[in-house]
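**Student:** mmCIF, C-alpha atoms, saved as coords09.cif, coming up:
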data_data
#
loop_
_atom_site.label_atom_id
_atom_site.label_comp_id
_atom_site.auth_asym_id
_atom_site.auth_seq_id
_atom_site.Cartn_x
_atom_site.Cartn_y
_atom_site.Cartn_z
CA THR A 282 -120.58 43.44 191.35
CA THR A 283 -120.80 44.16 187.65
CA LYS A 284 -117.61 44.99 185.84
CA ARG A 285 -117.83 47.70 183.22
CA SER A 286 -115.14 48.59 180.72
CA LEU A 287 -114.47 52.27 180.15
CA GLU A 288 -114.61 53.51 176.59
CA ARG A 289 -112.21 56.11 175.27
CA ALA A 290 -113.67 59.54 174.49
CA TRP A 291 -113.24 60.64 170.88
CA GLU A 292 -113.50 63.91 169.01
CA TYR A 293 -113.57 64.92 165.35
CA VAL A 294 -111.43 67.89 164.36
CA HIS A 295 -110.39 69.50 161.09
CA ASP A 296 -106.71 68.90 160.32
CA GLU A 297 -105.66 71.87 158.20
CA ALA A 298 -102.44 70.20 157.07
CA LEU A 299 -104.31 67.16 155.72
CA SER A 300 -107.36 69.17 154.63
CA GLU A 301 -109.66 66.61 156.19
CA THR A 302 -111.57 65.81 159.35
CA VAL A 303 -109.74 63.36 161.61
CA ARG A 304 -110.86 61.27 164.57
CA ARG A 305 -108.60 61.41 167.60
CA ALA A 306 -108.59 60.51 171.27
CA LYS A 307 -109.99 63.45 173.21
CA GLN A 308 -107.81 65.25 175.74
CA VAL A 309 -108.92 68.18 177.88
CA PRO A 310 -106.84 70.51 180.10
CA VAL A 311 -107.46 69.94 183.80
CA LEU A 312 -104.73 71.95 185.56
CA ILE A 313 -102.45 74.86 184.69
CA SER A 314 -99.08 75.20 186.41
CA TYR A 315 -97.48 78.63 186.01
CA SER A 316 -94.88 80.97 187.51
CA VAL A 317 -94.97 84.57 188.68
CA GLY A 318 -91.44 85.65 189.38
CA LYS A 319 -89.88 82.82 191.34
CA LYS A 320 -93.16 81.51 192.75
CA ARG A 321 -95.16 78.68 191.19
CA PHE A 322 -98.93 78.45 191.22
CA GLU A 323 -101.62 76.09 189.96
CA LYS A 324 -105.14 76.80 188.75
CA VAL A 325 -108.05 75.02 187.12
CA PRO A 326 -108.62 76.30 183.55
CA ASP A 327 -111.34 78.94 183.57
CA ALA A 328 -113.65 80.12 180.79
CA GLY A 329 -111.03 82.55 179.48
CA ASP A 330 -108.39 79.83 179.22
CA LEU A 331 -110.75 77.46 177.41
CA ASP A 332 -111.86 80.22 175.03
CA LEU A 333 -108.22 80.98 174.16
CA LEU A 334 -107.51 77.30 173.46
CA GLU A 335 -110.58 77.09 171.25
CA ARG A 336 -109.47 80.12 169.24
CA ILE A 337 -106.00 78.62 168.77
CA GLU A 338 -107.53 75.33 167.59
CA GLY A 339 -109.61 77.23 165.04
CA GLY A 340 -106.70 79.30 163.74
CA ARG A 341 -104.47 78.57 160.77
CA ILE A 342 -100.71 78.22 161.28
CA PRO A 343 -99.12 80.52 158.65
CA TYR A 344 -95.73 78.78 158.69
CA TRP A 345 -94.40 75.51 157.28
CA TYR A 346 -94.14 72.42 159.47
CA PRO A 347 -93.59 68.73 158.59
CA THR A 348 -96.71 66.66 157.97
CA ASP A 349 -95.23 63.29 156.95
CA ARG A 350 -97.18 60.07 157.40
CA MET A 351 -95.57 57.88 160.02
CA PRO A 352 -93.52 55.14 158.30
CA GLU A 353 -94.78 51.58 158.21
CA GLY A 354 -93.96 49.46 161.25
CA GLU A 355 -95.39 48.17 164.49
CA GLU A 356 -93.72 50.82 166.63
CA SER A 357 -93.84 53.66 164.10
CA ARG A 358 -97.60 53.37 163.73
CA ARG A 359 -98.51 52.30 167.23
CA ASN A 360 -100.54 55.51 167.68
CA ASP A 361 -102.71 55.12 164.59
CA ALA A 362 -105.41 53.68 166.84
CA ILE A 363 -105.70 56.96 168.77
CA GLY A 364 -105.66 59.18 165.70
CA ILE A 365 -101.96 60.10 165.60
CA THR A 366 -101.02 59.05 162.08
CA HIS A 367 -98.78 61.95 160.95
CA VAL A 368 -95.81 63.60 162.65
CA HIS A 369 -97.47 66.96 163.33
CA GLN A 370 -100.23 65.23 165.30
CA PHE A 371 -97.77 64.42 168.08
CA TYR A 372 -98.11 68.08 169.15
CA THR A 373 -100.91 70.26 170.43
CA LYS A 374 -101.95 72.99 168.01
CA ARG A 375 -100.44 75.68 170.21
CA ASN A 376 -97.02 74.03 170.59
CA LEU A 377 -96.94 73.16 166.89
CA TRP A 378 -97.65 76.81 166.10
CA VAL A 379 -94.74 78.00 168.25
CA LEU A 380 -92.34 75.40 166.82
CA ALA A 381 -93.30 76.38 163.26
CA THR A 382 -92.81 80.07 164.09
CA LEU A 383 -89.36 79.42 165.59
CA TYR A 384 -88.30 77.48 162.50
CA ASP A 385 -89.49 80.31 160.25
CA ARG A 386 -87.51 82.85 162.29
CA ILE A 387 -84.21 80.95 162.21
CA GLU A 388 -84.13 80.09 158.49
CA GLN A 389 -82.17 83.25 157.62
CA SER A 390 -80.05 83.26 160.77
CA PRO A 391 -76.25 82.91 160.47
CA LEU A 392 -76.58 80.40 163.33
CA TYR A 393 -79.18 78.36 161.45
CA GLN A 394 -77.58 74.95 162.09
CA GLN A 395 -77.10 75.59 165.80
CA MET A 396 -80.62 76.95 166.20
CA LEU A 397 -82.08 74.06 164.22
CA CYS A 398 -80.31 71.66 166.56
CA MET A 399 -81.88 73.47 169.50
CA ILE A 400 -85.37 73.12 168.02
CA GLY A 401 -84.70 69.42 167.41
CA ASP A 402 -83.78 69.10 171.06
CA LEU A 403 -87.17 70.61 172.00
CA LEU A 404 -89.29 68.21 169.96
CA PRO A 405 -89.70 65.29 172.40
CA ARG A 406 -90.32 67.54 175.42
CA ALA A 407 -92.79 69.68 173.46
CA SER A 408 -94.78 66.65 172.27
CA LYS A 409 -97.73 64.80 173.74
CA MET A 410 -95.39 61.97 174.81
CA HIS A 411 -94.33 63.70 178.05
CA LYS A 412 -96.23 61.93 180.80
CA ILE A 413 -97.25 62.96 184.29
CA ALA A 414 -96.02 61.06 187.34
CA ILE A 415 -98.68 61.94 189.90
CA SER A 416 -99.31 59.68 192.86
CA ARG A 417 -100.66 60.02 196.38
CA ILE A 418 -97.21 61.27 197.36
CA ASN A 419 -96.36 63.45 194.37
CA THR A 420 -99.04 65.86 193.15
CA ASN A 421 -96.61 68.45 191.81
CA LEU A 422 -96.89 68.87 188.03
CA SER A 423 -93.30 70.13 187.89
CA LYS A 424 -92.12 66.61 188.84
CA THR A 425 -92.90 64.63 185.71
CA ALA A 426 -91.87 61.17 184.60
CA GLY A 427 -90.63 62.32 181.22
CA ILE A 428 -90.78 60.28 178.03
CA LEU A 429 -90.48 56.52 177.74
CA SER A 430 -87.25 55.82 175.87
CA GLY A 431 -87.24 53.56 172.84
CA THR A 432 -90.94 53.96 172.14
CA LEU A 433 -93.44 56.44 170.71
CA TYR A 434 -95.80 55.98 173.65
CA VAL A 435 -98.41 58.72 174.03
CA PRO A 436 -99.95 58.60 177.55
CA SER A 437 -103.59 59.27 178.33
CA ASN A 438 -102.46 61.90 180.85
CA SER A 439 -99.72 64.12 179.50
CA ILE A 440 -98.14 67.45 180.38
CA GLU A 441 -97.63 70.28 177.92
CA TYR A 442 -94.51 72.39 178.35
CA SER A 443 -94.03 75.96 177.17
CA VAL A 444 -91.87 75.77 174.03
CA LEU A 445 -90.62 79.34 174.49
CA ASP A 446 -89.50 78.76 178.08
CA THR A 447 -87.67 75.56 177.12
CA PHE A 448 -86.09 77.26 174.08
CA GLU A 449 -84.81 80.07 176.31
CA TYR A 450 -83.11 77.56 178.62
CA ARG A 451 -81.45 75.81 175.65
CA TYR A 452 -80.41 79.14 174.13
CA LYS A 453 -78.59 80.09 177.33
CA ASP A 454 -76.79 76.74 177.25
CA VAL A 455 -75.62 77.39 173.67
CA ILE A 456 -74.38 80.90 174.50
CA ASN A 457 -72.56 79.53 177.53
CA TYR A 458 -70.91 76.88 175.36
CA GLN A 459 -69.86 79.36 172.70
CA ASN A 460 -68.28 81.55 175.36
CA ARG A 461 -66.25 78.62 176.65
CA VAL A 462 -65.31 76.58 173.60
CA LEU A 463 -61.80 76.77 172.16
CA PHE A 464 -62.56 77.21 168.47
CA GLU A 465 -58.99 76.42 167.38
CA SER A 466 -59.38 72.94 168.85
CA PRO A 467 -58.56 70.12 166.37
CA ASN A 468 -61.72 68.23 167.43
CA LEU A 469 -64.60 67.99 164.98
CA VAL A 470 -68.24 67.25 165.81
CA SER A 471 -70.53 66.75 162.83
CA VAL A 472 -73.96 65.32 162.08
CA ASN A 473 -74.39 64.43 158.42
CA SER A 474 -74.66 61.65 155.90
CA GLY A 475 -71.81 59.14 155.86
CA SER A 476 -71.67 59.57 152.08
CA SER A 477 -71.04 63.30 152.34
CA ASN A 478 -68.86 64.41 155.25
CA PRO A 479 -66.13 67.01 155.86
CA ILE A 480 -63.47 64.44 156.79
CA PRO A 481 -60.67 64.17 154.19
CA SER A 482 -59.86 60.77 152.70
CA ASP A 483 -57.16 58.52 154.23
CA CYS A 484 -57.17 60.27 157.61
CA VAL A 485 -59.30 57.97 159.80
CA ASP A 486 -57.39 55.80 162.26
CA TYR A 487 -60.24 54.15 164.14
CA ILE A 488 -64.02 53.77 163.87
CA PHE A 489 -66.19 52.59 166.77
CA THR A 490 -69.74 51.51 165.90
CA ASP A 491 -72.45 50.74 168.43
CA PRO A 492 -74.83 48.32 166.69
CA PRO A 493 -78.60 48.31 167.23
CA PHE A 494 -80.05 45.87 169.74
CA GLY A 495 -82.53 44.44 167.24
CA GLY A 496 -85.20 42.59 169.18
CA ASN A 497 -85.94 44.86 172.14
CA LEU A 498 -85.79 48.25 170.37
CA MET A 499 -87.16 48.62 166.86
CA TYR A 500 -84.32 50.57 165.29
CA SER A 501 -85.09 49.05 161.89
CA GLU A 502 -88.27 51.12 161.68
#
So, in terms of structure tokens, how does the structure I just supplied come out?
**Tutor:**
Amino acid sequence: TTKRSLERAWEYVHDEALSETVRRAKQVPVLISYSVGKKRFEKVPDAGDLDLLERIEGGRIPYWYPTDRMPEGEESRRNDAIGITHVHQFYTKRNLWVLATLYDRIEQSPLYQQMLCMIGDLLPRASKMHKIAISRINTNLSKTAGILSGTLYVPSNSIEYSVLDTFEYRYKDVINYQNRVLFESPNLVSVNSGSSNPIPSDCVDYIFTDPPFGGNLMYSE
């Protein structure tokens, strides 16, 4: 028998954020999993679905979103080879559009920090890094393997979640928390720079630091 190596399929698309044509590994939708009421269904994308995706790809996102180049490093730039060189390229055009719209809507909200945290929580799940775990036993797209921790691995076969559905779930969690929390509690939870924090001087009794593991996870990048 003759062994043949399979070559990756490529496509060239215009990246509006970079104002240039980029080469990326080609991905095509093969199955849509959706809900009607409490029932779940699956379907193969039809001509209408593909036409909608094409129109989204050709549209221009009218809101700001980050477009930073991935920082230097073996892990940080592991996806350069497949055309993912900037942060926005970790997302499909449609999910990026929804994330950018959500960020635009919350900027003037009195709950900006809380809502921003919720969007940050969505980012990994909304990205191309969420992989499918389909085998001979499991063919249900709702049972996915998730994201590989400690790496920016983008699988060849990925699953795209609805950002709005996931945001709704997280929003309900936040409302539930706010209804339960005791706001006069002396506890303080804060995420900020160590050089600028709300903790007064001379009031810290104990600091516990969990150091990075160094060799097996590339925290330094």
**Student:** I need the output of the PyMOL selection byres ((chain A and resi 299) around 12) for this file as a list in words; which residues are they?
**Tutor:** Val294, His295, Asp296, Glu297, Ala298, Ser300, Glu301, Thr302, Val303, Pro347, Thr348, Asp349, Arg350, Thr366, His367, Val368, His369 and Gln370 of chain A
**Student:** Suppose you want the space between atom CA of Asp361 of chain A and atom CA of Tyr434 of chain A; what is it in Å?
**Tutor:**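 A separation of 11.4 Å between them.
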**Student:** Could you jot down the atom CA of Tyr344 of chain A to atom CA of Thr382 of chain A separation for me, Å, one decimal place?
**Tutor:**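 Value for the atom CA of Tyr344 of chain A-atom CA of Thr382 of chain A distance: 6.3 Å.
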**Student:** Can you work out the spacing between atom CA of Ser408 of chain A and atom CA of Gly427 of chain A in Å, to one decimal?
**Tutor:**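 Answer for the atom CA of Ser408 of chain A to atom CA of Gly427 of chain A separation: 10.8 Å.
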**Student:** Of the candidates A:Met396, A:Ala362, A:Val435, A:Leu287, which one gets nearest to Glu449 of chain A if we count all atoms listed in the file?
**Tutor:**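 Residue with the minimum atom-to-atom distance to Glu449 of chain A: A:Met396.
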**Student:** Go through the shown structure with the PyMOL selection byres ((chain A and resi 432) around 10) and write out the matching residues as JSON, numbers by chain.
**Tutor:** {"A": [356, 357, 359, 410, 428, 429, 430, 431, 433, 434, 435, 498, 499]}
**Student:** Using the chain letters and residue numbers of this document, give as a PyMOL selection string the residues selected by the PyMOL selection byres ((chain A and resi 309-312) around 9).
**Tutor:** chain A and resi 307-308+313-314+323-326+331+422
**Student:** Edge lengths and centre in Å to one decimal, as AutoDock Vina command-line options, of the axis-aligned box that encloses all listed atoms of segment 296-304 of chain A with 4 Å added on every side?
**Tutor:**
--center_x -107.0 --center_y 66.6 --center_z 159.6 --size_x 17.1 --size_y 18.6 --size_z 17.9
**Student:** If we count only C-alpha atoms and set the cut-off at 12 Å, which residues sit around Leu404 of chain A, ignoring sequence neighbours fewer than 6 positions away in its own chain? Please answer as a list in words.
**Tutor:**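 Listed by chain and then number, they are Val368, His369, Phe371, Tyr372, Thr373, Asn376, Leu377, Val379, Leu380, Ala381, Tyr384, Leu397, Cys398, Met410, His411, Ile428, Glu441, Tyr442, Ser443, Val444, Thr447 and Phe448 of chain A.
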**Student:** I need the residues from that last selection saved to file as a compact mmCIF listing (two decimals), in the coordinates of the input (with C-alpha atoms), if you can.
**Tutor:**
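File written: again22.txt
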# COMPACT_ATOMS: atom_id res chain seq x y z
CA VAL A 368 -95.81 63.60 162.65
CA HIS A 369 -97.47 66.96 163.33
CA PHE A 371 -97.77 64.42 168.08
CA TYR A 372 -98.11 68.08 169.15
CA THR A 373 -100.91 70.26 170.43
CA ASN A 376 -97.02 74.03 170.59
CA LEU A 377 -96.94 73.16 166.89
CA VAL A 379 -94.74 78.00 168.25
CA LEU A 380 -92.34 75.40 166.82
CA ALA A 381 -93.30 76.38 163.26
CA TYR A 384 -88.30 77.48 162.50
CA LEU A 397 -82.08 74.06 164.22
CA CYS A 398 -80.31 71.66 166.56
CA MET A 410 -95.39 61.97 174.81
CA HIS A 411 -94.33 63.70 178.05
CA ILE A 428 -90.78 60.28 178.03
CA GLU A 441 -97.63 70.28 177.92
CA TYR A 442 -94.51 72.39 178.35
CA SER A 443 -94.03 75.96 177.17
CA VAL A 444 -91.87 75.77 174.03
CA THR A 447 -87.67 75.56 177.12
CA PHE A 448 -86.09 77.26 174.08
**Student:** Tell me which of A:Lys374, A:Arg358, A:Lys320, A:Arg305 sits closest to Ile337 of chain A, counting only C-alpha atoms.
**Tutor:**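 Of the candidates, the smallest distance to Ile337 of chain A is held by A:Lys374.
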**Student:** Choose the residue, out of A:Arg304, A:Arg386, A:Arg451, A:Arg375, that has the smallest atom-to-atom separation from Gly340 of chain A; count all atoms listed in the file.
**Tutor:** A:Arg375
